[in-house]
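With mmCIF, C-alpha atoms inside, this is input-v7.cif:
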data_protein
loop_
_atom_site.label_atom_id
_atom_site.label_comp_id
_atom_site.auth_asym_id
_atom_site.auth_seq_id
_atom_site.Cartn_x
_atom_site.Cartn_y
_atom_site.Cartn_z
CA MET F 1 -2.45 -7.59 13.75
CA SER F 2 -2.52 -8.57 17.42
CA VAL F 3 -3.52 -11.59 19.49
CA THR F 4 -5.22 -9.58 22.24
CA TYR F 5 -7.73 -6.95 21.21
CA GLY F 6 -7.06 -3.36 22.05
CA ALA F 7 -9.59 -0.54 22.21
CA VAL F 8 -8.16 1.42 19.30
CA GLY F 9 -4.95 0.46 17.54
CA TRP F 10 -3.45 3.92 17.79
CA ASN F 11 -0.36 4.70 15.78
CA ARG F 12 1.09 7.90 14.41
CA ALA F 13 -0.85 7.70 11.15
CA LYS F 14 -4.15 7.02 12.92
CA ARG F 15 -3.64 9.93 15.28
CA ALA F 16 -2.95 12.24 12.34
CA TYR F 17 -5.97 10.89 10.49
CA ASP F 18 -8.27 11.39 13.49
CA ALA F 19 -6.83 14.82 14.21
CA ALA F 20 -7.62 15.81 10.63
CA ILE F 21 -11.19 14.55 11.05
CA GLY F 22 -11.62 16.47 14.31
CA VAL F 23 -10.17 19.68 12.95
CA GLY F 24 -12.27 19.34 9.80
CA ILE F 25 -15.46 18.93 11.81
CA VAL F 26 -14.73 21.97 13.98
CA ILE F 27 -13.80 24.16 11.02
CA TYR F 28 -16.83 23.11 8.99
CA LEU F 29 -19.31 23.66 11.80
CA GLY F 30 -17.68 26.94 12.78
CA LEU F 31 -17.86 28.23 9.22
CA PHE F 32 -21.40 26.98 8.66
CA VAL F 33 -22.78 28.52 11.81
CA GLY F 34 -20.75 31.72 11.41
CA VAL F 35 -21.62 32.30 7.77
CA GLY F 36 -25.16 31.14 8.36
CA ALA F 37 -25.65 33.62 11.20
CA LEU F 38 -24.40 36.45 9.00
CA ALA F 39 -26.47 35.45 5.97
CA HIS F 40 -29.63 34.64 7.91
CA ALA F 41 -29.86 36.96 10.88
CA ASP F 42 -33.23 35.52 11.84
CA ALA F 43 -32.00 31.93 11.99
CA THR F 44 -31.67 30.50 15.49
CA ILE F 45 -28.50 28.79 16.68
CA GLU F 46 -30.49 25.54 16.97
CA THR F 47 -31.54 25.72 13.33
CA LEU F 48 -27.99 26.47 12.20
CA ALA F 49 -26.66 23.61 14.33
CA ILE F 50 -29.22 21.17 12.92
CA ARG F 51 -28.45 22.15 9.34
CA GLY F 52 -24.70 22.34 9.91
CA LEU F 53 -24.58 18.87 11.44
CA ALA F 54 -26.86 17.48 8.72
CA THR F 55 -24.82 18.83 5.84
CA LEU F 56 -21.58 17.79 7.55
CA ALA F 57 -22.75 14.21 8.09
CA PHE F 58 -23.98 14.00 4.49
CA LEU F 59 -20.66 15.38 3.22
CA MET F 60 -18.68 12.94 5.38
CA LEU F 61 -20.72 10.05 3.99
CA HIS F 62 -19.86 11.15 0.46
CA VAL F 63 -16.18 11.18 1.41
CA ILE F 64 -16.48 7.69 2.90
CA LEU F 65 -18.21 6.34 -0.20
CA SER F 66 -15.56 7.93 -2.41
CA ILE F 67 -12.54 6.45 -0.62
CA GLY F 68 -13.04 2.86 -1.80
CA PRO F 69 -13.27 3.51 -5.54
CA LEU F 70 -10.64 6.30 -5.38
CA ALA F 71 -8.17 3.89 -3.76
CA ARG F 72 -8.85 1.44 -6.59
CA LEU F 73 -8.29 4.13 -9.20
CA ASN F 74 -5.15 5.55 -7.56
CA PRO F 75 -3.22 3.35 -5.08
CA LYS F 76 -1.56 6.48 -3.64
CA LEU F 77 -4.89 7.13 -1.92
CA LEU F 78 -4.81 3.79 -0.09
CA PRO F 79 -3.81 5.44 3.24
CA LEU F 80 -7.29 7.03 3.25
CA LEU F 81 -8.74 3.52 3.19
CA TYR F 82 -6.72 2.19 6.12
CA ASN F 83 -8.53 4.25 8.75
CA ARG F 84 -11.85 4.67 7.00
CA ARG F 85 -13.61 3.07 9.95
CA HIS F 86 -12.64 6.05 12.13
CA LEU F 87 -14.27 8.37 9.62
CA GLY F 88 -17.34 6.15 9.61
CA VAL F 89 -17.68 6.23 13.37
CA ALA F 90 -17.22 10.00 13.37
CA THR F 91 -19.94 10.31 10.72
CA PHE F 92 -22.34 8.37 12.90
CA PHE F 93 -21.72 10.68 15.85
CA VAL F 94 -22.24 13.78 13.72
CA ALA F 95 -25.47 12.27 12.35
CA LEU F 96 -26.55 11.37 15.89
CA ALA F 97 -25.94 14.93 17.01
CA HIS F 98 -28.07 16.20 14.10
CA ALA F 99 -30.87 13.76 14.94
CA SER F 100 -30.74 14.66 18.64
CA PHE F 101 -30.98 18.38 17.98
CA ALA F 102 -33.77 17.82 15.45
CA ILE F 103 -35.80 15.64 17.81
CA VAL F 104 -35.47 18.20 20.61
CA GLN F 105 -36.31 21.08 18.26
CA PHE F 106 -39.29 19.51 16.48
CA HIS F 107 -40.65 16.86 18.83
CA ALA F 108 -39.81 17.75 22.42
CA GLN F 109 -41.57 21.05 22.78
CA GLY F 110 -45.06 19.65 23.21
CA ASN F 111 -46.78 17.34 25.66
CA VAL F 112 -46.29 14.19 23.58
CA HIS F 113 -43.31 11.93 24.21
CA PRO F 114 -40.65 13.01 21.66
CA PHE F 115 -40.22 9.54 20.21
CA VAL F 116 -43.97 9.00 19.98
CA SER F 117 -44.19 12.34 18.18
CA LEU F 118 -41.38 11.26 15.84
CA LEU F 119 -43.01 7.93 15.04
CA THR F 120 -46.45 9.43 14.48
CA ALA F 121 -45.17 12.21 12.22
CA GLY F 122 -46.03 10.01 9.28
CA TRP F 123 -43.90 7.86 7.02
CA GLY F 124 -41.97 10.82 5.71
CA PHE F 125 -38.45 12.07 5.48
CA GLN F 126 -37.88 11.78 9.23
CA THR F 127 -38.51 8.04 9.18
CA LEU F 128 -36.07 7.69 6.31
CA GLY F 129 -33.46 9.58 8.30
CA LEU F 130 -34.10 7.46 11.38
CA CYS F 131 -33.65 4.25 9.42
CA ALA F 132 -30.39 5.54 7.97
CA LEU F 133 -29.21 6.48 11.46
CA VAL F 134 -29.91 2.97 12.73
CA ILE F 135 -27.80 1.53 9.90
CA LEU F 136 -24.96 3.96 10.65
CA PHE F 137 -25.18 3.03 14.35
CA LEU F 138 -24.94 -0.70 13.62
CA MET F 139 -21.95 -0.07 11.39
CA ALA F 140 -20.23 2.14 13.95
CA ALA F 141 -20.96 -0.30 16.77
CA THR F 142 -19.41 -3.18 14.82
CA SER F 143 -16.38 -1.29 13.53
CA HIS F 144 -13.87 -3.37 15.44
CA ASP F 145 -11.94 -6.52 14.56
CA PHE F 146 -13.80 -8.30 17.40
CA TRP F 147 -16.98 -8.09 15.33
CA LEU F 148 -15.26 -9.18 12.14
CA ALA F 149 -14.04 -12.27 13.96
CA ASN F 150 -17.29 -13.06 15.76
CA LEU F 151 -19.89 -12.15 13.16
CA GLY F 152 -17.86 -13.79 10.44
CA ALA F 153 -16.48 -12.07 7.36
CA ARG F 154 -19.60 -12.68 5.25
CA VAL F 155 -22.11 -11.30 7.78
CA TRP F 156 -19.84 -8.41 8.77
CA LYS F 157 -19.26 -7.41 5.15
CA SER F 158 -22.99 -7.65 4.36
CA LEU F 159 -23.78 -5.44 7.33
CA HIS F 160 -21.24 -2.85 6.26
CA MET F 161 -22.42 -2.90 2.66
CA ALA F 162 -25.66 -1.50 4.09
CA VAL F 163 -23.87 1.86 3.90
CA TYR F 164 -25.27 2.04 0.38
CA LEU F 165 -28.80 1.54 1.68
CA ALA F 166 -28.13 4.23 4.27
CA TYR F 167 -26.93 6.55 1.52
CA ALA F 168 -30.06 5.95 -0.58
CA LEU F 169 -32.26 6.60 2.48
CA LEU F 170 -30.38 9.80 3.20
CA VAL F 171 -30.70 11.06 -0.37
CA LEU F 172 -34.45 10.56 -0.04
CA HIS F 173 -34.36 12.10 3.46
CA VAL F 174 -32.76 15.23 1.98
CA ALA F 175 -35.00 15.23 -1.11
CA LEU F 176 -38.23 14.93 0.85
CA GLY F 177 -37.04 17.08 3.75
CA ALA F 178 -34.68 19.97 3.22
CA LEU F 179 -35.15 20.18 -0.55
CA HIS F 180 -38.91 20.16 -0.16
CA SER F 181 -38.82 23.37 1.82
CA GLU F 182 -35.80 24.97 0.16
CA SER F 183 -36.66 27.43 -2.60
CA ARG F 184 -33.13 28.02 -3.85
CA PRO F 185 -31.63 25.43 -6.20
CA LEU F 186 -28.14 25.31 -4.60
CA LEU F 187 -28.86 22.47 -2.17
CA ALA F 188 -30.61 20.41 -4.86
CA MET F 189 -27.68 20.95 -7.21
CA LEU F 190 -25.13 19.95 -4.56
CA THR F 191 -27.11 16.83 -3.69
CA ALA F 192 -27.33 15.86 -7.34
CA VAL F 193 -23.61 16.52 -7.87
CA GLY F 194 -22.76 14.37 -4.85
CA PHE F 195 -24.96 11.54 -6.08
CA VAL F 196 -23.50 11.65 -9.60
CA TRP F 197 -19.95 11.83 -8.13
CA VAL F 198 -20.47 8.67 -6.03
CA ILE F 199 -22.07 6.75 -8.89
CA THR F 200 -19.41 7.84 -11.39
CA LEU F 201 -16.53 6.86 -9.11
CA HIS F 202 -18.02 3.42 -8.57
CA VAL F 203 -18.61 2.88 -12.29
CA LEU F 204 -15.03 3.95 -13.12
CA ALA F 205 -13.56 1.71 -10.42
CA ALA F 206 -15.71 -1.23 -11.56
CA ALA F 207 -14.66 -0.68 -15.17
CA ARG F 208 -11.02 -0.71 -14.08
CA GLU F 209 -11.41 -3.85 -11.96
CA ALA F 210 -13.65 -5.85 -14.30
CA PRO F 211 -10.90 -6.99 -16.69
CA LYS F 212 -9.05 -8.54 -13.74
CA ASP F 213 -12.04 -10.78 -13.14
CA ARG F 214 -12.11 -12.21 -16.64
CA PRO F 215 -11.21 -15.90 -16.36
CA ALA F 216 -7.56 -16.45 -17.13
CA PRO F 217 -6.71 -18.52 -20.21
CA GLY F 218 -6.88 -22.18 -19.44
CA VAL F 219 -4.96 -25.15 -20.76
CA PRO F 220 -6.44 -28.53 -21.75
CA ASP F 221 -6.08 -30.06 -18.30
CA GLY F 222 -8.00 -27.13 -16.74
CA TRP F 223 -5.04 -25.38 -15.17
CA ILE F 224 -4.77 -21.62 -15.59
CA ASP F 225 -1.89 -20.05 -17.51
CA ALA F 226 -0.52 -17.33 -15.20
CA GLY F 227 2.05 -16.19 -17.73
CA PRO F 228 5.86 -16.17 -17.78
CA VAL F 229 7.77 -16.48 -14.53
CA THR F 230 9.82 -13.47 -15.56
CA ASP F 231 6.65 -11.32 -15.51
CA ILE F 232 6.40 -11.78 -11.77
CA ALA F 233 8.85 -9.67 -9.80
CA ASP F 234 10.60 -11.33 -6.87
CA GLY F 235 8.60 -10.80 -3.69
CA ARG F 236 5.50 -9.73 -5.65
CA ALA F 237 2.52 -11.44 -7.23
CA ARG F 238 0.49 -11.75 -10.37
CA VAL F 239 -3.26 -12.03 -9.84
CA VAL F 240 -5.25 -14.40 -12.03
CA CYS F 241 -8.93 -15.14 -11.94
CA ALA F 242 -10.74 -18.45 -11.70
CA SER F 243 -13.98 -18.41 -9.72
CA GLU F 244 -12.07 -16.15 -7.34
CA ARG F 245 -8.92 -14.11 -7.73
CA ILE F 246 -5.73 -16.06 -7.06
CA ALA F 247 -2.46 -14.38 -6.07
CA VAL F 248 0.57 -16.12 -7.52
CA PHE F 249 3.67 -15.08 -5.56
CA ARG F 250 7.29 -15.42 -6.57
CA TYR F 251 9.80 -15.45 -3.70
CA GLY F 252 13.40 -16.63 -3.48
CA GLY F 253 13.25 -19.01 -6.45
CA LYS F 254 9.84 -20.43 -5.53
CA ILE F 255 6.26 -19.92 -6.71
CA SER F 256 3.17 -20.36 -4.53
CA ALA F 257 -0.46 -19.44 -5.05
CA VAL F 258 -2.99 -18.36 -2.42
CA SER F 259 -6.39 -16.76 -2.35
CA ASN F 260 -6.17 -13.06 -3.19
CA VAL F 261 -8.59 -12.23 -0.37
CA CYS F 262 -7.14 -11.35 3.03
CA ARG F 263 -9.07 -12.87 5.95
CA HIS F 264 -8.99 -9.58 7.85
CA GLN F 265 -11.01 -7.17 5.71
CA ALA F 266 -10.80 -8.76 2.26
CA GLY F 267 -7.77 -6.74 1.24
CA PRO F 268 -6.00 -7.65 -2.04
CA LEU F 269 -3.11 -9.92 -0.99
CA GLY F 270 -1.83 -9.95 -4.56
CA GLU F 271 -1.03 -6.25 -4.29
CA GLY F 272 1.14 -6.91 -1.27
CA ARG F 273 4.71 -8.09 -0.93
CA VAL F 274 6.59 -10.97 0.62
CA ILE F 275 8.26 -9.53 3.73
CA ASP F 276 10.35 -11.71 6.07
CA GLY F 277 9.07 -14.77 4.26
CA CYS F 278 5.39 -13.81 4.66
CA ILE F 279 2.84 -12.55 2.18
CA THR F 280 1.88 -9.18 3.65
CA CYS F 281 -1.48 -7.59 2.97
CA PRO F 282 -1.05 -4.00 1.75
CA TRP F 283 -4.07 -2.76 3.70
CA HIS F 284 -3.38 -3.63 7.34
CA GLY F 285 -0.26 -5.79 7.30
CA TYR F 286 -1.87 -9.19 7.95
CA GLN F 287 0.61 -11.91 7.01
CA TYR F 288 0.44 -15.45 5.59
CA LEU F 289 3.10 -18.05 4.86
CA PRO F 290 3.07 -18.64 1.11
CA GLU F 291 3.65 -22.39 1.42
CA ASN F 292 0.48 -23.07 3.40
CA GLY F 293 -1.60 -19.89 3.55
CA ARG F 294 -1.36 -19.75 7.36
CA SER F 295 -0.60 -16.74 9.46
CA PRO F 296 2.58 -17.25 11.49
CA ALA F 297 2.03 -18.37 15.08
CA PRO F 298 0.42 -17.27 17.34
CA PHE F 299 -2.01 -15.88 14.76
CA THR F 300 -4.65 -18.15 13.32
CA GLU F 301 -5.89 -16.65 10.06
CA ARG F 302 -5.75 -18.94 7.02
CA VAL F 303 -6.39 -18.54 3.32
CA GLU F 304 -6.95 -21.07 0.55
CA THR F 305 -3.93 -22.40 -1.31
CA TYR F 306 -3.55 -23.67 -4.88
CA ASP F 307 -1.31 -26.12 -6.70
CA VAL F 308 1.21 -24.50 -9.02
CA ARG F 309 3.70 -25.74 -11.59
CA VAL F 310 6.28 -24.13 -13.84
CA VAL F 311 6.63 -25.56 -17.34
CA ALA F 312 8.94 -24.07 -19.97
CA GLY F 313 9.21 -20.84 -18.02
CA ARG F 314 5.47 -20.36 -17.61
CA VAL F 315 3.46 -20.60 -14.40
CA TYR F 316 0.30 -22.68 -14.27
CA VAL F 317 -2.22 -22.71 -11.41
CA ASN F 318 -4.80 -25.37 -10.59
CA PRO F 319 -8.02 -23.36 -10.06
CA LEU F 320 -9.36 -25.87 -7.53
CA ALA F 321 -8.66 -24.40 -4.10
CA HIS F 322 -7.33 -26.41 -1.19
CA PRO F 323 -8.98 -25.76 2.18
CA PRO F 324 -7.53 -22.76 4.04
CA GLY F 325 -4.15 -23.51 5.57
CA THR F 326 -3.32 -26.52 3.38
CA ALA F 327 0.38 -26.94 2.73
CA VAL F 328 1.29 -27.05 -0.97
CA GLU F 329 4.77 -27.73 -2.29
CA PRO F 330 5.97 -24.56 -4.07
CA ALA F 331 7.06 -24.77 -7.67
CA ARG F 332 10.76 -24.07 -8.26
CA VAL F 333 12.07 -21.62 -10.82
CA MET Y 1 -54.48 4.21 17.00
CA GLU Y 2 -51.19 5.57 15.72
CA ASP Y 3 -50.27 6.67 19.23
CA THR Y 4 -51.01 3.21 20.59
CA ALA Y 5 -48.87 1.56 17.94
CA ALA Y 6 -46.05 4.02 18.59
CA HIS Y 7 -46.19 3.43 22.34
CA LEU Y 8 -46.20 -0.33 21.77
CA LEU Y 9 -43.23 -0.12 19.43
CA LEU Y 10 -41.29 2.02 21.88
CA ALA Y 11 -42.15 -0.36 24.73
CA LEU Y 12 -40.88 -3.32 22.72
CA LEU Y 13 -37.73 -1.43 21.82
CA ALA Y 14 -37.17 -0.43 25.44
CA GLY Y 15 -37.63 -4.02 26.55
CA TYR Y 16 -35.18 -5.23 23.91
CA LEU Y 17 -32.60 -2.67 25.03
CA VAL Y 18 -33.06 -3.42 28.75
CA VAL Y 19 -32.48 -7.12 28.13
CA GLY Y 20 -29.63 -6.19 25.84
CA ALA Y 21 -28.03 -4.07 28.54
CA ALA Y 22 -28.26 -6.90 31.05
CA VAL Y 23 -26.83 -9.43 28.60
CA GLY Y 24 -24.25 -6.94 27.42
CA VAL Y 25 -22.86 -6.06 30.81
CA SER Y 26 -22.78 -9.73 31.85
CA PHE Y 27 -21.07 -10.63 28.60
CA ILE Y 28 -18.30 -8.07 28.74
CA VAL Y 29 -17.60 -8.99 32.38
CA PHE Y 30 -17.88 -12.80 32.27
CA GLY Y 31 -18.40 -14.09 28.77
CA ILE Y 32 -16.34 -12.25 26.23
CA GLY Y 33 -13.14 -14.11 27.02
CA ARG Y 34 -14.86 -17.47 26.63
CA VAL Y 35 -16.33 -16.59 23.25
CA ASP Y 36 -13.17 -15.00 21.88
CA PRO Y 37 -9.74 -15.81 23.37
CA GLY Y 38 -8.41 -12.56 21.96
CA ALA Y 39 -10.63 -10.72 24.44
CA ARG Y 40 -9.47 -12.52 27.56
CA ALA Y 41 -6.74 -10.07 28.49
CA ALA Y 42 -8.28 -7.16 26.62
CA PRO Y 43 -8.46 -3.82 28.40
CA TRP Y 44 -11.72 -2.42 29.74
CA ALA Y 45 -11.66 0.31 27.11
CA PHE Y 46 -12.06 -2.40 24.48
CA ARG Y 47 -14.93 -4.03 26.39
CA LEU Y 48 -16.73 -0.71 26.66
CA ILE Y 49 -16.23 -0.02 22.95
CA VAL Y 50 -17.90 -3.29 21.93
CA LEU Y 51 -20.72 -2.93 24.52
CA PRO Y 52 -23.10 -0.89 22.27
CA GLY Y 53 -22.85 -3.54 19.56
CA VAL Y 54 -23.37 -6.30 22.10
CA ILE Y 55 -26.53 -4.56 23.37
CA ALA Y 56 -27.83 -4.09 19.82
CA LEU Y 57 -26.99 -7.66 18.75
CA TRP Y 58 -27.56 -9.40 22.07
CA PRO Y 59 -29.51 -12.39 20.65
CA TRP Y 60 -26.56 -13.25 18.40
CA ILE Y 61 -24.06 -12.77 21.22
CA ALA Y 62 -26.16 -14.75 23.69
CA ALA Y 63 -26.36 -17.64 21.23
CA ARG Y 64 -22.59 -17.64 20.74
CA TRP Y 65 -22.05 -17.45 24.50
CA ILE Y 66 -24.33 -20.40 25.11
CA ARG Y 67 -22.68 -22.37 22.30
CA SER Y 68 -19.27 -21.64 23.81
CA GLY Y 69 -20.37 -23.71 26.80
CA ALA Y 70 -21.04 -21.04 29.38
CA ALA Y 71 -24.60 -20.06 30.36
CA PRO Y 72 -25.14 -16.45 31.39
#
Using structure tokens, write down the structure from this file.
Amino acid sequence: MSVTYGAVGWNRAKRAYDAAIGVGIVIYLGLFVGVGALAHADATIETLAIRGLATLAFLMLHVILSIGPLARLNPKLLPLLYNRRHLGVATFFVALAHASFAIVQFHAQGNVHPFVSLLTAGWGFQTLGLCALVILFLMAATSHDFWLANLGARVWKSLHMAVYLAYALLVLHVALGALHSESRPLLAMLTAVGFVWVITLHVLAAAREAPKDRPAPGVPDGWIDAGPVTDIADGRARVVCASERIAVFRYGGKISAVSNVCRHQAGPLGEGRVIDGCITCPWHGYQYLPENGRSPAPFTERVETYDVRVVAGRVYVNPLAHPPGTAVEPARV
Amino acid sequence: MEDTAAHLLLALLAGYLVVGAAVGVSFIVFGIGRVDPGARAAPWAFRLIVLPGVIALWPWIAARWIRSGAAP
């Protein structure tokens, strides 16, 4: 969380994460090309490179798509989520390398402009791959907090949800391309396993999250019953659901309620803690004052706040949100 | 016919990217700090990192730049 943008917010964890990505890429490509050369003596280095980069990019995309639901299913995997954007950018570059080699190999050997050759090859698997590459490029190019701030959270999130469209295009790209010419069933089986894995993880994560989105029990005046005060640990929150999830924090004898959605990258504030008097998002450490939903100066992020009251040891929340940054008197316990 | 359409498409794309490059370079040099105060003192490495996105999304960026009160 910084006032002035930096290029990359390096820290020890990020360096380790990126080193692991780099080492993984080198090892994978080395093994693929090495084993491939031994198994297929007639295969050229260009062919092995194209296939190695293709399978690596596809594998990396599966890892990326798995991280979100896995982190929901097991919070110990959250550190994989923190630097997922680095993995995404790396995936784009691997995919770009694959596309570049493929264009040179299949479209640059004749007397037609390579891109004209590519575009006139027919609406087949290559077009699907190209469309997916464009999506991955747009995601990689906007993987910086500058874009989140200047595109707006809604547009940025919509753009990055296009990863699912890219994945669908790539499954078709593989199905109509490599699988079409591959006689052995191994690649088809692996593609199917990957697809089922991604779908299954998302279904499991959705099933786990869905109960949290059931509207909380209401009381006659429309306020939501957030349960006993004693159920909320000091410095932590209980999340209840109205039209949106609301994080009800208990801190130093007071209760405040704010939107559960962090302004940075929609992290779950309710899974964070109160540190130094600030609600701290568990994903990237963005902070908000519980009394007014504002980030401490000089930061400017704000989240919605909600009225709360404590009656007979139970916490009640008014589901009507105040505009972001509105001060609300905390309830006392 | 297909060749003509492909050449036209590539020409349009090239034109879009050329304009994008011009807008992009101008923006990261002169405009980025006006549009986003967080970028005013940002290092050049940051400006270069956002440049590909600025080129790709130059109509959006140009509109924001103009709205911020500074014409390119």
Residues near Ser68 of chain Y, anyone? I mean within 12 Å using all atoms listed in the file, not counting same-chain ones fewer than 6 positions away, as a list in words.
Asn150 of chain F; Gly31, Ile32, Gly33, Arg34, Val35, Asp36, Pro37, Ile61 and Ala62 of chain Y
Specify as a compact mmCIF listing (two decimals) with C-alpha atoms, keeping the file's coordinate frame all residues of chain Y found within 7 Å of chain F, counting only C-alpha atoms.
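Resulting contents of result04.txt:
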# COMPACT_ATOMS: atom_id res chain seq x y z
CA GLU Y 2 -51.19 5.57 15.72
CA ASP Y 3 -50.27 6.67 19.23
CA ALA Y 6 -46.05 4.02 18.59
CA HIS Y 7 -46.19 3.43 22.34
CA GLY Y 38 -8.41 -12.56 21.96
CA ALA Y 39 -10.63 -10.72 24.44
CA ALA Y 41 -6.74 -10.07 28.49
CA ALA Y 42 -8.28 -7.16 26.62
CA PRO Y 43 -8.46 -3.82 28.40
CA ALA Y 45 -11.66 0.31 27.11
CA PHE Y 46 -12.06 -2.40 24.48
CA ILE Y 49 -16.23 -0.02 22.95
CA VAL Y 50 -17.90 -3.29 21.93
CA PRO Y 52 -23.10 -0.89 22.27
CA GLY Y 53 -22.85 -3.54 19.56
As a list in words, please: the residues near Ile55 of chain Y (cut-off 8 Å, only C-alpha atoms, same-chain neighbours under 5 positions excluded).
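Non-adjacent residues within range: Leu17, Gly20, Ala21, Val23 and Gly24 of chain Y.
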Could you state the separation of atom CA of Ala39 of chain F and atom CA of His98 of chain F in Å, given to one decimal place?
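A separation of 21.0 Å between them.
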If I take atom CA of Leu73 of chain F and atom CA of Ala168 of chain F, how far is one from the other in Å, to one decimal?
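If I compute the distance from atom CA of Leu73 of chain F to atom CA of Ala168 of chain F, I get 23.5 Å.
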Top pick for closest residue to Leu29 of chain F, considering F:Val303, F:Ala247, F:Met189, F:Ala49 and counting all atoms listed in the file:
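Going through F:Val303, F:Ala247, F:Met189, F:Ala49 one by one, the smallest distance to Leu29 of chain F is for F:Ala49.
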Output the residue selection produced by the PyMOL selection byres ((chain F and resi 237) around 8) on the file above, formatted as a compact mmCIF listing (two decimals) with C-alpha atoms, in the coordinates of the input.
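Writing done, so here's selection-v7.txt:
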# COMPACT_ATOMS: atom_id res chain seq x y z
CA ILE F 232 6.40 -11.78 -11.77
CA ALA F 233 8.85 -9.67 -9.80
CA GLY F 235 8.60 -10.80 -3.69
CA ARG F 236 5.50 -9.73 -5.65
CA ARG F 238 0.49 -11.75 -10.37
CA VAL F 239 -3.26 -12.03 -9.84
CA ALA F 247 -2.46 -14.38 -6.07
CA VAL F 248 0.57 -16.12 -7.52
CA PHE F 249 3.67 -15.08 -5.56
CA ARG F 250 7.29 -15.42 -6.57
CA GLY F 270 -1.83 -9.95 -4.56
CA GLU F 271 -1.03 -6.25 -4.29
CA GLY F 272 1.14 -6.91 -1.27
CA ARG F 273 4.71 -8.09 -0.93
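Each of F:Cys131, F:Ala297, F:Val315, F:Val258 was compared to Pro217 of chain F using only C-alpha atoms, and F:Val315 turns out to be the nearest.
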Surrounding residues of Leu190 of chain F excluding itself and chain neighbours under 4 positions, 12 Å, only C-alpha atoms, as JSON, numbers by chain:
{"F": [55, 58, 59, 62, 171, 174, 175, 179, 184, 185, 186, 194, 195, 196, 197]}
List every protein, DNA or RNA residue that has at least one atom no more than 12 Å from (-17.3, 8.4, -10.4) in the file's coordinates, counting only C-alpha atoms, and write the result as a list in words.
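Using only C-alpha atoms, the matching residues come out as His62, Leu65, Ser66, Ile67, Gly68, Pro69, Leu70, Arg72, Leu73, Val193, Gly194, Phe195, Val196, Trp197, Val198, Ile199, Thr200, Leu201, His202, Val203, Leu204, Ala205, Ala206, Ala207 and Arg208 of chain F.
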Need the shell around Ile50 of chain F: protein/DNA/RNA residues with any atom at most 8 Å away, counting all atoms listed in the file. Skip same-chain ones fewer than 3 positions apart. Format as a JSON list (two decimals) with C-alpha atoms, in the frame of the given file?
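This is the output file selection_11.json:
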[["chain", "number", "residue", "atom", "x", "y", "z"],
["F", 46, "GLU", "CA", -30.49, 25.54, 16.97],
["F", 47, "THR", "CA", -31.54, 25.72, 13.33],
["F", 53, "LEU", "CA", -24.58, 18.87, 11.44],
["F", 54, "ALA", "CA", -26.86, 17.48, 8.72],
["F", 98, "HIS", "CA", -28.07, 16.20, 14.10],
["F", 99, "ALA", "CA", -30.87, 13.76, 14.94],
["F", 101, "PHE", "CA", -30.98, 18.38, 17.98],
["F", 102, "ALA", "CA", -33.77, 17.82, 15.45]]
By how many Å are atom CA of Ser256 of chain F and atom CA of Ala331 of chain F apart?
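Taking atom CA of Ser256 of chain F as the start and atom CA of Ala331 of chain F as the end point, the length is 6.7 Å.
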Which residues are near Val317 of chain F? Cut-off 12 Å, all atoms listed in the file, ignore same chain within fewer than 6 positions. Put them as number ranges by chain.
F: 216-219, 221-227, 238-242, 245-249, 255-259, 305-311, 328, 330-331
Take segment 285-294 of chain F, bring it up to N, CA and C atoms, and give me the output as a PDB file, in the frame of the given file.
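And here's out-v5.pdb as it stands now:
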ATOM      1  N   GLY F 285      -1.456  -5.071   6.881  1.00  0.00           N
ATOM      2  CA  GLY F 285      -0.260  -5.790   7.300  1.00  0.00           C
ATOM      3  C   GLY F 285      -0.475  -7.220   7.769  1.00  0.00           C
ATOM      4  N   TYR F 286      -1.693  -7.791   7.584  1.00  0.00           N
ATOM      5  CA  TYR F 286      -1.870  -9.190   7.950  1.00  0.00           C
ATOM      6  C   TYR F 286      -0.946 -10.056   7.088  1.00  0.00           C
ATOM      7  N   GLN F 287      -0.408 -11.121   7.702  1.00  0.00           N
ATOM      8  CA  GLN F 287       0.610 -11.910   7.010  1.00  0.00           C
ATOM      9  C   GLN F 287       0.206 -13.385   6.899  1.00  0.00           C
ATOM     10  N   TYR F 288       0.704 -14.023   5.845  1.00  0.00           N
ATOM     11  CA  TYR F 288       0.440 -15.450   5.590  1.00  0.00           C
ATOM     12  C   TYR F 288       1.688 -16.086   5.011  1.00  0.00           C
ATOM     13  N   LEU F 289       1.978 -17.307   5.448  1.00  0.00           N
ATOM     14  CA  LEU F 289       3.100 -18.050   4.860  1.00  0.00           C
ATOM     15  C   LEU F 289       2.680 -18.527   3.481  1.00  0.00           C
ATOM     16  N   PRO F 290       3.495 -18.293   2.472  1.00  0.00           N
ATOM     17  CA  PRO F 290       3.070 -18.640   1.110  1.00  0.00           C
ATOM     18  C   PRO F 290       2.931 -20.149   0.894  1.00  0.00           C
ATOM     19  N   GLU F 291       3.683 -20.938   1.665  1.00  0.00           N
ATOM     20  CA  GLU F 291       3.650 -22.390   1.420  1.00  0.00           C
ATOM     21  C   GLU F 291       2.369 -23.053   1.910  1.00  0.00           C
ATOM     22  N   ASN F 292       1.677 -22.421   2.867  1.00  0.00           N
ATOM     23  CA  ASN F 292       0.480 -23.070   3.400  1.00  0.00           C
ATOM     24  C   ASN F 292      -0.678 -22.111   3.667  1.00  0.00           C
ATOM     25  N   GLY F 293      -0.511 -20.839   3.367  1.00  0.00           N
ATOM     26  CA  GLY F 293      -1.600 -19.890   3.550  1.00  0.00           C
ATOM     27  C   GLY F 293      -1.954 -19.607   4.989  1.00  0.00           C
ATOM     28  N   ARG F 294      -1.065 -19.957   5.939  1.00  0.00           N
ATOM     29  CA  ARG F 294      -1.360 -19.750   7.360  1.00  0.00           C
ATOM     30  C   ARG F 294      -0.629 -18.538   7.884  1.00  0.00           C
TER      31      ARG F 294
END
